[in-house]
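Notes follow once the structure below has been shown.
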Amino acid sequence: QEVYNKLRKEGHKVVGVFTVPDKNGQADPLALAAEKDGTPVFKFPRWRAKGKPIQEVVAAYKSVGAELNVLPFCTQFIPMDVIDCPKHGSIIYHPSILPRHRGASAINWTLIQGDKKAGFTIFWADDGLDTGPILLQRECDVGQNDTVDDLYNRFLFPEGIKAMVEAVHLIADGKAPRIPQPKEGATYEGIQKKENAEISWDQPAAALHNWIRGHDKVPGAWATIDGQVVTFYGSSLLDASVPPGQELAIKGASRPGLVTKNGLVVFGNDGKMVLVRNLQFEDGKMIPASKYFSADEKTALELTEEEKKMAEDIRAIWKGILSNVAVIEDSTDFFKSGASSMHVVRMLEEIKQKYSGLQLQNEDVYMATKFADFIQMAVRKFRGEDKEEELVIDYVSKNVNNMTVNMPYQCFINGQFINADDGKTYDTINPADGSIIASVSSASLADVDKAVAAAKEAFENGEWGRMNARERGRLMYRLADLMEEHQEELATIESIDSGAVYTLALKTHVGMSVQTFRYFAGWCDKIQGATIPINQARPNHNLTFTKKEPIGVCAIVIPWNYPLMMLAWKSAACLAAGNTLVLKPAQVTPLTSLKFAELSAKAGFPKGVINILPGSGGLVGQHLSEHPDVRKVGFTGSTPTGKQIMKSAATNLKKVSLELGGKSPLIIFSDCELDRAVKMGMGAVYFNKGENCIAAGRLFVEESIHDEFVRKVVEEIKKMKIGDPLDRSTDHGPQNHKAHLEKLLQYCETGVKEGATLVYGGRQVRRPGFFMEPTVFTDVEDHMYIAQEESFGPVMVISKFKNGDVDGVLRRANTTEYGLASGVFTKDISKALYISEKLEAGTVFINTYNKTDVAAPFGGFKQSGFGKDLGKSFFPSLISHLTVQIHEKTTLAVYAASSET
């Protein structure tokens with residue numbers, strides 16, 4: 001149908017459509033589209049009898065006078081009299097990269113055989129089985145847990161439509177190639193039928209997984225359990241320790257399966273595991289595999305009069321779809337009566353239109369295909385019995401800092417903590433001693449798709465999208481209260497996961513996060529549009545006004561230096577504006593983000609509004625920036641990664657805000673308060689171990705006070721206590737992770753090699769963990785690496801400037817591709833204002849440093865990025881403007897009809 005519509009739209013004349021007869025009274029979608037357009041439609045059950053063409057069928061075909069046969073999908077054997085009849089012959093779509101996997105189940109065999117590449121071929125038909133010359137081919141990667149549906153929906157269907165239309169254009173232009181198929185690598189696998197899909201258990205886990213996913217959804221791989229055939233759906237490889245569960249004997253398996261909270265775990269002969277999510281019984285009923293032992297526990301509900309009316313309304317909707325069924329009985333099966341996946345969407349939309357409070361998903365229909373089961377399920381959801389399951393959390397618990405901290409470690413998707421789809425994990429390390437804190441789920445591409453789908457559903461159809469702004473604010477205030485209630489636990493987790501000194505984590509990492517949520521909670525009901533005078537306002541009395549609306553799903557990628565605070569800076573405004581979010585914490589510091597997810601659920605945020613995906617930036621972050629359903633990306637991190645995100649975001653022109661690298665200049669004049677300048681200058685460099693995006697990357701000190709300034713700095717450094725970040729008297733904790741420490745040491749080596757003077761530090765502290773001495777360089781010249789590049793660590797880079805040379809030091813300070821922050825110390829207010837006007841940076845501090853506030857906008861220039869965090873200036877990137885123009889009389893009529901409209 002899609003190919004038909006696009007060919008007509010692009011000017012090609014379709015002279016006839018040949019399709020199969022109606023099944024159970026249901027016409028093929030292609031036939032419906034063609035009949036609507038007046039295109040001749042032919043519905044022959046077969047083209048041949050006893051191997052020979054049926055002449056009246058061939059005659060009917062020849063009557064349309066086709067120049068080309070286009071076969072996007074074909075389930076019948078077409079005689080060569082028809083294939084070769086048109087001037088240009090026939091082209092066929094085939095779901096494999098021919099010559100491999102010739103035959104009707106090609107897409108299934110691609111997965112069964114464990115191919116790393118899938119794709120499709122459009123070829124010229126000949127008298128062989130998928131052997132004709134190739135016109136064009138397209139390929140895609142096969143993910144470890146891709147199913148037939150995944151490949152079909154992601155690539156084979158949308159790209160196949162484009163390619164069929166492209167092939168017709170090539171033929172019309174006389175540019176279509178005919179590339180003979182090679183014989184090497186050709187295969188001819190048979191059609192997969194149910195009787196051949198039984199699982200053979202004496203195989204490695206990967207082979208079991210490939211067999212199951214290769215048969216999902218048709219015909220379905222099966223095994224015998226408790227004497228009946230049970231079909232397995234939704235498999236993934238499980239790379240983790242054996243989870244707790246109840247044993248389930250499976251015929252032919254040498255080891256029982258385990259029914260766990262996430263599904264059925266089965267074992268290959270290599271001892272590795274496969275997780276199966278859904279099971280279907282012989283009567284067609286499908287259940288979550290995790291509910292195997294409790295599937296029949298629920299008894300039938302007694303319906304109220306209101307619920308009986310709802311049941312009859314749904315029965316009428318079923319009857320409208322299943323027009324071929326005389327009466328919808330309790331035993332009527334939706335799919336066995338002729339419905340397809342297209343009808344699932346229609347049925348749910350009709351129910352939603354009539355009962356907006358009844359939120360059903362496609363999966364609900366597959367889980368309850370018989371009418372009576374469907375009504376029972378719908379009533380339970382209508383009553384709210386299945387609305388909120390208790391939040392199940394597996395914690396890693398540690399006794400630390402005179403308390404027990406409980407840390408979630410799984411992905412948080414659609415209101416649940418779950419393992420990564422492929423079961424992969426990684427270790428997060430305590431930088432104070434190098435010990436493992438927890439094995440954290442490492443999200444896969446499938447998890448990204450699930451999280452984005454959950455966020456999209458919550459935005460478009462969920463409670464969040466219907467919630468008024470003030471109620472959103474109430475939830476955000478409640479979340480801020482919970483964060484404050486758990487501030488000691490959050491600060492402790494932040495300290496052991498990121499190395500932040502506990503007192504700083506308590507005040508800044510957590511404290512400012514709480515302030516941020518409270519600030520933006522107050523904005524929820526204050527985001528307003530405007531009325532606009534227009535030329536046509538009189539005499540017609542037209543009114544134009546704008547509304548500000550949320551844009552949808554926002555992807556947020558945050559760094560490791562302030563894990564919780566960066567989460568708050570990015571997500572609070574996003575939520576206040578009414579958007580939903582998928583957040584990827586830094587791989588090395590995921591734990592406070594996951595604790596935040598737990599608190600958001602306790603605060604009452606609806607499922608799908610907040611989703612947290614720990615894992616690889618190159619995998620998860622990249623997929624989020626490319627994802628077609630993500631409408632905004634907010635990123636804090638390195639400039640090279642920011643550039644890549646901008647490129648990826650162009651795929652659907654999503655909005656982007658970037659807070660990137662910095663080399664913030666701090667200019668210290670001789671007329672400053674020197675002791676204050678020393679104290680603030682040290683804070684500008686060493687605050688949070690130097691892992692601070694606005695850290696003073698280079699200090700320019702006026703010549704007359706240079707030596708005294710350096711002497712005082714070194715004296716103060718020697719007083720600093722380096723050690724356990726949980727010790728309340730510690731000034732300087734460990735660097736965030738080992739690789740960063742090594743990078744800093746290399747940075748210092750480069751500075752020495754280039755000729756800068758290492759006055760103090762530059763070495764790793766001799767103790768367990770990733771500690772570095774606070775470091776001071778002087779005699780730094782403008783061309784040096786350390787003068788140009790950010791260290792993102794406790795390295796003070798000092799350059800002299802000549803007494804009174806204001807414009808000269810300004811030129812040097814601005815000779816950088818970065819422009820995030822800057823500072824100046826002087827008692828001369830005129831000089832300070834002049835400097836602040838000329839410095840090319842998003843923030844200029846005067847006689848202070850590091851003083852950020854939730855109400856003040858924060859962001860940079862040049863290669864430090866664009867867009868603002870904090871303050872009301874953050875909202876333009878999170879909302880869209882809807883302009884409406886109405887006539888006065890129309891307005892009155894609408895208001896008279898309904899004040900809500």
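In the structure tokens, chains take the letters A, B, ... in the order shown, each chain's residues start at 1, and ligands count up from 1 in the order shown.
Neighbours of A:Phe232 closer than or equal to 9 Å, with only C-alpha atoms counted and sequence neighbours fewer than 2 positions away skipped, come out as Ile212, Arg213, His215, Asp216, Gly220, Ala221, Trp222, Ala223, Val230, Gly234, Ser235, Val276, Arg277, Asn278, Leu279, Gln280 and Ala289 of chain A.
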Same residues, all heavy atoms, output as a compact mmCIF listing (two decimals), in the first residue's frame:
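Below is the file that was written, result13.txt:
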# COMPACT_ATOMS: atom_id res chain seq x y z
N ILE A 212 15.24 -18.66 18.76
CA ILE A 212 14.00 -18.09 19.32
C ILE A 212 13.67 -16.77 18.64
O ILE A 212 12.54 -16.54 18.20
CB ILE A 212 14.13 -17.91 20.84
CG1 ILE A 212 14.26 -19.27 21.53
CG2 ILE A 212 12.92 -17.16 21.41
CD1 ILE A 212 14.67 -19.19 23.00
N ARG A 213 14.65 -15.87 18.54
CA ARG A 213 14.35 -14.57 17.94
C ARG A 213 14.10 -14.67 16.44
O ARG A 213 13.37 -13.87 15.87
CB ARG A 213 15.47 -13.57 18.23
CG ARG A 213 16.81 -13.87 17.58
CD ARG A 213 17.79 -12.73 17.82
NE ARG A 213 19.10 -13.00 17.25
CZ ARG A 213 19.92 -12.07 16.83
NH1 ARG A 213 19.58 -10.80 16.90
NH2 ARG A 213 21.12 -12.38 16.35
N HIS A 215 12.35 -16.86 15.08
CA HIS A 215 10.97 -17.32 14.88
C HIS A 215 9.94 -16.39 15.52
O HIS A 215 8.75 -16.70 15.55
CB HIS A 215 10.80 -18.73 15.45
CG HIS A 215 11.54 -19.78 14.70
ND1 HIS A 215 12.88 -20.02 14.88
CD2 HIS A 215 11.12 -20.64 13.73
CE1 HIS A 215 13.26 -21.01 14.07
NE2 HIS A 215 12.23 -21.39 13.36
N ASP A 216 10.37 -15.27 16.04
CA ASP A 216 9.51 -14.32 16.75
C ASP A 216 9.10 -13.24 15.75
O ASP A 216 9.95 -12.57 15.17
CB ASP A 216 10.33 -13.72 17.89
CG ASP A 216 9.57 -12.82 18.83
OD1 ASP A 216 8.46 -12.41 18.48
OD2 ASP A 216 10.11 -12.51 19.90
N GLY A 220 7.07 -18.95 15.65
CA GLY A 220 7.20 -19.10 17.10
C GLY A 220 7.98 -20.35 17.47
O GLY A 220 7.57 -21.47 17.17
N ALA A 221 9.14 -20.16 18.13
CA ALA A 221 9.92 -21.31 18.61
C ALA A 221 9.26 -21.86 19.87
O ALA A 221 8.81 -21.09 20.73
CB ALA A 221 11.35 -20.87 18.91
N TRP A 222 9.23 -23.19 20.00
CA TRP A 222 8.46 -23.76 21.10
C TRP A 222 9.18 -24.92 21.77
O TRP A 222 10.13 -25.50 21.26
CB TRP A 222 7.09 -24.22 20.61
CG TRP A 222 7.13 -25.23 19.48
CD1 TRP A 222 7.19 -24.95 18.16
CD2 TRP A 222 7.12 -26.66 19.59
NE1 TRP A 222 7.23 -26.10 17.41
CE2 TRP A 222 7.18 -27.18 18.27
CE3 TRP A 222 7.07 -27.55 20.66
CZ2 TRP A 222 7.18 -28.54 18.00
CZ3 TRP A 222 7.07 -28.92 20.39
CH2 TRP A 222 7.12 -29.40 19.08
N ALA A 223 8.71 -25.21 22.97
CA ALA A 223 9.17 -26.36 23.74
C ALA A 223 7.97 -26.92 24.49
O ALA A 223 6.91 -26.28 24.56
CB ALA A 223 10.27 -25.96 24.71
N VAL A 230 4.53 -24.79 24.51
CA VAL A 230 4.63 -23.40 24.96
C VAL A 230 5.59 -22.67 24.01
O VAL A 230 6.71 -23.14 23.78
CB VAL A 230 5.14 -23.30 26.41
CG1 VAL A 230 5.28 -21.84 26.83
CG2 VAL A 230 4.20 -24.03 27.36
N GLY A 234 10.45 -12.95 22.70
CA GLY A 234 11.18 -11.88 23.37
C GLY A 234 12.43 -12.37 24.07
O GLY A 234 12.58 -12.19 25.28
N SER A 235 13.36 -12.96 23.34
CA SER A 235 14.57 -13.49 23.97
C SER A 235 15.71 -12.48 23.89
O SER A 235 15.74 -11.62 23.00
CB SER A 235 15.01 -14.80 23.30
OG SER A 235 15.61 -14.54 22.05
N VAL A 276 13.92 -15.10 28.38
CA VAL A 276 12.71 -15.10 27.54
C VAL A 276 11.62 -14.32 28.29
O VAL A 276 11.36 -14.59 29.47
CB VAL A 276 12.23 -16.54 27.27
CG1 VAL A 276 10.94 -16.53 26.46
CG2 VAL A 276 13.32 -17.32 26.54
N ARG A 277 11.01 -13.34 27.62
CA ARG A 277 10.10 -12.44 28.33
C ARG A 277 8.63 -12.86 28.29
O ARG A 277 7.89 -12.61 29.23
CB ARG A 277 10.24 -11.02 27.78
CG ARG A 277 11.53 -10.37 28.25
CD ARG A 277 11.62 -8.91 27.84
NE ARG A 277 12.74 -8.26 28.53
CZ ARG A 277 14.01 -8.44 28.19
NH1 ARG A 277 14.31 -9.22 27.18
NH2 ARG A 277 14.99 -7.86 28.85
N ASN A 278 8.19 -13.48 27.20
CA ASN A 278 6.77 -13.84 27.09
C ASN A 278 6.61 -15.29 26.67
O ASN A 278 7.45 -15.83 25.92
CB ASN A 278 6.05 -12.93 26.08
CG ASN A 278 6.03 -11.48 26.51
OD1 ASN A 278 5.76 -11.18 27.66
ND2 ASN A 278 6.33 -10.58 25.59
N LEU A 279 5.52 -15.90 27.14
CA LEU A 279 5.19 -17.28 26.80
C LEU A 279 3.76 -17.34 26.30
O LEU A 279 2.89 -16.65 26.82
CB LEU A 279 5.34 -18.19 28.03
CG LEU A 279 6.72 -18.26 28.70
CD1 LEU A 279 6.65 -19.08 29.98
CD2 LEU A 279 7.76 -18.85 27.75
N GLN A 280 3.54 -18.20 25.27
CA GLN A 280 2.18 -18.37 24.73
C GLN A 280 1.79 -19.84 24.82
O GLN A 280 2.56 -20.72 24.44
CB GLN A 280 2.11 -17.89 23.29
CG GLN A 280 0.69 -17.87 22.72
CD GLN A 280 0.65 -17.27 21.33
OE1 GLN A 280 1.51 -17.54 20.51
NE2 GLN A 280 -0.35 -16.46 21.05
N ALA A 289 6.55 -14.16 31.01
CA ALA A 289 7.17 -15.39 31.52
C ALA A 289 7.39 -15.33 33.03
O ALA A 289 7.38 -16.36 33.71
CB ALA A 289 8.50 -15.63 30.80
From a backbone DSSP assignment, name each residue in stretch 85-128 of chain A labelled strand (DSSP E), as number ranges by chain. A: 90-94, 117-124
So which one's closest to A:Asn692, A:Ala597, A:Ala573, A:Met367, A:Leu820? Using only C-alpha atoms, please. A:Leu820
Taking 3 positions as the minimum chain separation for residues in the same chain, which residues sit within 10 Å of stretch 754-761 of chain A when counting only C-alpha atoms? Answer as a tab-separated table (two decimals) with N, CA, C and O atoms, in the first residue's frame.
chain	number	residue	atom	x	y	z
A	710	VAL	N	52.13	34.14	43.80
A	710	VAL	CA	52.53	32.73	43.70
A	710	VAL	C	52.96	32.20	45.07
A	710	VAL	O	52.61	31.09	45.47
A	711	ARG	N	53.75	33.02	45.79
A	711	ARG	CA	54.22	32.59	47.12
A	711	ARG	C	53.04	32.30	48.05
A	711	ARG	O	53.02	31.28	48.74
A	713	VAL	N	49.96	31.54	47.24
A	713	VAL	CA	49.23	30.36	46.77
A	713	VAL	C	49.90	29.08	47.25
A	713	VAL	O	49.25	28.16	47.77
A	714	VAL	N	51.21	29.00	47.10
A	714	VAL	CA	51.94	27.80	47.53
A	714	VAL	C	51.81	27.59	49.03
A	714	VAL	O	51.62	26.47	49.51
A	717	ILE	N	48.40	26.12	49.61
A	717	ILE	CA	48.32	24.72	49.14
A	717	ILE	C	48.88	23.78	50.19
A	717	ILE	O	48.32	22.71	50.47
A	718	LYS	N	50.00	24.16	50.78
A	718	LYS	CA	50.64	23.30	51.78
A	718	LYS	C	49.77	23.08	53.01
A	718	LYS	O	49.96	22.11	53.75
A	748	CYS	N	50.68	17.59	32.85
A	748	CYS	CA	51.76	18.26	33.58
A	748	CYS	C	53.13	17.97	32.94
A	748	CYS	O	53.99	18.86	32.85
A	749	GLU	N	53.33	16.74	32.49
A	749	GLU	CA	54.58	16.40	31.81
A	749	GLU	C	54.77	17.26	30.56
A	749	GLU	O	55.88	17.73	30.26
A	750	THR	N	53.68	17.48	29.84
A	750	THR	CA	53.75	18.31	28.63
A	750	THR	C	54.14	19.73	28.98
A	750	THR	O	54.96	20.36	28.29
A	751	GLY	N	53.56	20.27	30.08
A	751	GLY	CA	53.89	21.61	30.50
A	751	GLY	C	55.36	21.78	30.81
A	751	GLY	O	55.99	22.78	30.42
A	764	GLN	N	51.19	12.27	41.31
A	764	GLN	CA	50.15	11.51	41.99
A	764	GLN	C	50.54	11.37	43.46
A	764	GLN	O	51.71	11.19	43.81
A	765	VAL	N	49.57	11.48	44.36
A	765	VAL	CA	49.82	11.30	45.79
A	765	VAL	C	50.01	9.82	46.07
A	765	VAL	O	49.26	8.97	45.59
A	772	MET	N	45.73	13.43	43.24
A	772	MET	CA	46.77	14.22	42.60
A	772	MET	C	47.06	15.45	43.44
A	772	MET	O	46.15	16.07	44.00
A	773	GLU	N	48.31	15.81	43.50
A	773	GLU	CA	48.70	17.00	44.24
A	773	GLU	C	48.17	18.25	43.53
A	773	GLU	O	48.23	18.33	42.30
A	774	PRO	N	47.66	19.22	44.28
A	774	PRO	CA	47.36	20.52	43.66
A	774	PRO	C	48.64	21.07	43.03
A	774	PRO	O	49.73	20.97	43.62
A	775	THR	N	48.52	21.60	41.84
A	775	THR	CA	49.70	21.91	41.01
A	775	THR	C	49.70	23.39	40.63
A	775	THR	O	48.64	23.98	40.41
A	776	VAL	N	50.93	23.96	40.53
A	776	VAL	CA	51.09	25.35	40.10
A	776	VAL	C	52.17	25.42	39.02
A	776	VAL	O	53.28	24.91	39.22
A	777	PHE	N	51.83	26.03	37.88
A	777	PHE	CA	52.79	26.33	36.82
A	777	PHE	C	52.92	27.85	36.68
A	777	PHE	O	51.92	28.58	36.74
A	778	THR	N	54.14	28.32	36.51
A	778	THR	CA	54.37	29.73	36.17
A	778	THR	C	55.17	29.80	34.87
A	778	THR	O	55.53	28.77	34.29
A	779	ASP	N	55.44	31.03	34.43
A	779	ASP	CA	56.19	31.26	33.18
A	779	ASP	C	55.51	30.57	31.99
A	779	ASP	O	56.19	30.02	31.10
A	780	VAL	N	54.21	30.58	31.99
A	780	VAL	CA	53.45	29.93	30.91
A	780	VAL	C	53.27	30.93	29.77
A	780	VAL	O	52.71	32.01	29.96
A	781	GLU	N	53.75	30.55	28.60
A	781	GLU	CA	53.65	31.42	27.42
A	781	GLU	C	52.44	31.04	26.57
A	781	GLU	O	51.96	29.90	26.61
A	783	HIS	N	51.78	30.30	23.57
A	783	HIS	CA	51.78	29.24	22.56
A	783	HIS	C	51.74	27.84	23.17
A	783	HIS	O	51.54	26.85	22.47
A	784	MET	N	51.98	27.72	24.47
A	784	MET	CA	52.12	26.41	25.10
A	784	MET	C	50.79	25.66	25.15
A	784	MET	O	49.71	26.26	25.23
A	785	TYR	N	50.89	24.35	25.14
A	785	TYR	CA	49.71	23.48	25.20
A	785	TYR	C	48.87	23.77	26.44
A	785	TYR	O	47.65	23.88	26.37
A	786	ILE	N	49.56	23.91	27.61
A	786	ILE	CA	48.80	24.12	28.85
A	786	ILE	C	48.19	25.51	28.91
A	786	ILE	O	47.31	25.77	29.75
A	787	ALA	N	48.62	26.43	28.04
A	787	ALA	CA	48.00	27.75	27.96
A	787	ALA	C	46.75	27.73	27.10
A	787	ALA	O	45.91	28.63	27.20
A	794	PRO	N	43.24	19.90	39.05
A	794	PRO	CA	43.79	20.88	40.00
A	794	PRO	C	45.14	21.44	39.55
A	794	PRO	O	46.17	21.27	40.22
A	795	VAL	N	45.14	22.10	38.39
A	795	VAL	CA	46.37	22.63	37.82
A	795	VAL	C	46.20	24.13	37.60
A	795	VAL	O	45.38	24.56	36.78
A	796	MET	N	46.97	24.94	38.36
A	796	MET	CA	46.92	26.39	38.22
A	796	MET	C	47.98	26.81	37.19
A	796	MET	O	49.16	26.54	37.36
A	797	VAL	N	47.54	27.47	36.14
A	797	VAL	CA	48.41	27.89	35.04
A	797	VAL	C	48.50	29.42	35.11
A	797	VAL	O	47.52	30.13	34.88
A	798	ILE	N	49.70	29.95	35.43
A	798	ILE	CA	49.87	31.38	35.67
A	798	ILE	C	50.78	32.00	34.62
A	798	ILE	O	51.86	31.49	34.32
A	799	SER	N	50.32	33.13	34.07
A	799	SER	CA	51.12	33.93	33.14
A	799	SER	C	51.18	35.37	33.65
A	799	SER	O	50.21	35.90	34.17
May I have the residues within 10 Å of stretch 102-116 of chain A as a PyMOL selection string, using only C-alpha atoms and disregarding those fewer than 3 positions away in the same chain? chain A and resi 74-75+94-99+119-120+129-131+140-149+151-152+156+186-193+206-219
Can you tell me, as a JSON list (two decimals) with all heavy atoms, in the first residue's frame, what residues are no more than 6 Å from stretch 486-503 of chain A when counting only C-alpha atoms, ignoring any on the same chain fewer than 3 positions away?
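Writing the result to around-v3.json gives the following:
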[["chain", "number", "residue", "atom", "x", "y", "z"],
["A", 405, "VAL", "N", 23.79, 3.07, 52.98],
["A", 405, "VAL", "CA", 23.29, 3.67, 51.74],
["A", 405, "VAL", "C", 22.80, 2.55, 50.83],
["A", 405, "VAL", "O", 23.46, 1.53, 50.66],
["A", 405, "VAL", "CB", 24.37, 4.53, 51.04],
["A", 405, "VAL", "CG1", 24.69, 5.76, 51.84],
["A", 405, "VAL", "CG2", 25.62, 3.74, 50.75],
["A", 430, "ASN", "N", 35.08, 3.25, 43.22],
["A", 430, "ASN", "CA", 35.30, 4.29, 44.23],
["A", 430, "ASN", "C", 36.69, 4.89, 44.01],
["A", 430, "ASN", "O", 37.70, 4.22, 44.19],
["A", 430, "ASN", "CB", 35.21, 3.69, 45.63],
["A", 430, "ASN", "CG", 35.34, 4.72, 46.73],
["A", 430, "ASN", "OD1", 35.83, 5.83, 46.51],
["A", 430, "ASN", "ND2", 34.89, 4.38, 47.92],
["A", 431, "PRO", "N", 36.79, 6.17, 43.61],
["A", 431, "PRO", "CA", 38.11, 6.74, 43.29],
["A", 431, "PRO", "C", 39.00, 6.94, 44.51],
["A", 431, "PRO", "O", 40.20, 7.18, 44.36],
["A", 431, "PRO", "CB", 37.76, 8.07, 42.63],
["A", 431, "PRO", "CG", 36.41, 8.43, 43.15],
["A", 431, "PRO", "CD", 35.70, 7.13, 43.36],
["A", 483, "MET", "N", 14.50, 14.76, 47.96],
["A", 483, "MET", "CA", 15.95, 14.88, 47.79],
["A", 483, "MET", "C", 16.59, 15.49, 49.04],
["A", 483, "MET", "O", 17.66, 15.08, 49.49],
["A", 483, "MET", "CB", 16.26, 15.72, 46.56],
["A", 483, "MET", "CG", 15.91, 15.04, 45.24],
["A", 483, "MET", "SD", 15.95, 16.16, 43.82],
["A", 483, "MET", "CE", 17.70, 16.46, 43.68],
["A", 506, "LEU", "N", 27.43, 17.80, 49.98],
["A", 506, "LEU", "CA", 26.22, 18.12, 50.75],
["A", 506, "LEU", "C", 25.72, 19.52, 50.40],
["A", 506, "LEU", "O", 24.53, 19.73, 50.17],
["A", 506, "LEU", "CB", 26.54, 18.02, 52.24],
["A", 506, "LEU", "CG", 25.36, 17.91, 53.22],
["A", 506, "LEU", "CD1", 24.54, 16.66, 52.93],
["A", 506, "LEU", "CD2", 25.88, 17.89, 54.65],
["A", 589, "THR", "N", 29.91, 7.60, 36.74],
["A", 589, "THR", "CA", 29.21, 8.11, 37.93],
["A", 589, "THR", "C", 27.70, 7.98, 37.78],
["A", 589, "THR", "O", 26.97, 8.98, 37.74],
["A", 589, "THR", "CB", 29.57, 9.60, 38.16],
["A", 589, "THR", "OG1", 29.32, 10.33, 36.96],
["A", 589, "THR", "CG2", 31.01, 9.77, 38.59],
["A", 725, "PRO", "N", 37.53, 11.61, 51.10],
["A", 725, "PRO", "CA", 36.52, 12.65, 50.87],
["A", 725, "PRO", "C", 35.40, 12.63, 51.91],
["A", 725, "PRO", "O", 34.70, 13.63, 52.06],
["A", 725, "PRO", "CB", 35.99, 12.34, 49.47],
["A", 725, "PRO", "CG", 36.34, 10.92, 49.22],
["A", 725, "PRO", "CD", 37.60, 10.66, 49.97],
["A", 726, "LEU", "N", 35.23, 11.51, 52.63],
["A", 726, "LEU", "CA", 34.18, 11.45, 53.65],
["A", 726, "LEU", "C", 34.64, 12.05, 54.98],
["A", 726, "LEU", "O", 33.83, 12.27, 55.87],
["A", 726, "LEU", "CB", 33.74, 10.00, 53.86],
["A", 726, "LEU", "CG", 33.03, 9.36, 52.66],
["A", 726, "LEU", "CD1", 32.77, 7.87, 52.92],
["A", 726, "LEU", "CD2", 31.72, 10.07, 52.36],
["A", 733, "GLY", "N", 39.87, 15.91, 47.52],
["A", 733, "GLY", "CA", 39.64, 14.48, 47.35],
["A", 733, "GLY", "C", 40.30, 13.93, 46.10],
["A", 733, "GLY", "O", 41.08, 14.62, 45.43],
["A", 734, "PRO", "N", 39.97, 12.69, 45.74],
["A", 734, "PRO", "CA", 40.58, 12.05, 44.58],
["A", 734, "PRO", "C", 39.99, 12.56, 43.27],
["A", 734, "PRO", "O", 38.86, 13.03, 43.23],
["A", 734, "PRO", "CB", 40.24, 10.57, 44.78],
["A", 734, "PRO", "CG", 38.94, 10.60, 45.52],
["A", 734, "PRO", "CD", 39.01, 11.80, 46.44],
["A", 736, "ASN", "N", 38.31, 11.97, 39.62],
["A", 736, "ASN", "CA", 37.10, 11.17, 39.42],
["A", 736, "ASN", "C", 37.36, 9.72, 39.04],
["A", 736, "ASN", "O", 36.70, 8.81, 39.53],
["A", 736, "ASN", "CB", 36.23, 11.85, 38.35],
["A", 736, "ASN", "CG", 34.88, 11.20, 38.21],
["A", 736, "ASN", "OD1", 34.75, 10.21, 37.50],
["A", 736, "ASN", "ND2", 33.88, 11.75, 38.88]]
Can you work out which one of A:Arg631, A:Thr826, A:Lys175, A:Glu159 has the shortest atom-to-atom distance to A:Ala650, counting only C-alpha atoms?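 Of the candidates, the smallest distance to A:Ala650 is held by A:Arg631.
For the choices A:Pro590, A:Pro559, A:Gly823, A:Gly618, the atom-to-atom distance to A:Cys411 is smallest for A:Pro590 when using only C-alpha atoms.
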Near stretch 334-350 of chain A, within 9 Å and counting only C-alpha atoms, which residues show up once chain neighbours fewer than 5 positions away are dropped, as an NGL selection string? :A and (23-26 or 314 or 317-318 or 321-322 or 324-325 or 355 or 359-362 or 365-366 or 368-371)
Name the residues of stretch 262-357 of chain A that fall into helix (DSSP H, G or I) according to DSSP on the backbone, using the chain letters and numbers of this document, as JSON, numbers by chain. {"A": [289, 290, 291, 292, 293, 294, 305, 306, 307, 308, 309, 310, 311, 312, 313, 314, 315, 316, 317, 318, 319, 320, 321, 341, 342, 343, 344, 345, 346, 347, 348, 349, 350, 351, 352, 353, 354]}
Quick one, how far is atom CA of A:Gly697 from atom CA of A:Ser830?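 So the two atoms, atom CA of A:Gly697 and atom CA of A:Ser830, lie 24.8 Å apart.
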For A:Lys862, the closest of A:Ile835, A:Leu658, A:Met80, A:Ala446 counting only C-alpha atoms is A:Leu658
As a list of chain:residue names, please: the residues near A:Phe44 (cut-off 7 Å, only C-alpha atoms, same-chain neighbours under 4 positions excluded). A:Thr19, A:Val20, A:Pro21
Let me make sure I understand: among A:Phe281, A:Tyr477, A:Tyr61, A:Tyr4, which one has the smallest atom-to-atom distance to A:Thr231 if we use only C-alpha atoms?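 Closest residue, counting only C-alpha atoms: A:Phe281.
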Nearest to A:Asn847 by atom-to-atom distance, counting only C-alpha atoms, from A:Pro640, A:Gly762, A:Gly681, A:Gly690: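 Of the candidates, the smallest distance to A:Asn847 is held by A:Gly681.
Between atom CA of A:Gly89 and atom CA of A:Pro182 the interatomic distance comes to 21.1 Å.
When atom CA of A:Gly252 is paired with atom CA of A:Lys424, their separation reads 28.0 Å.
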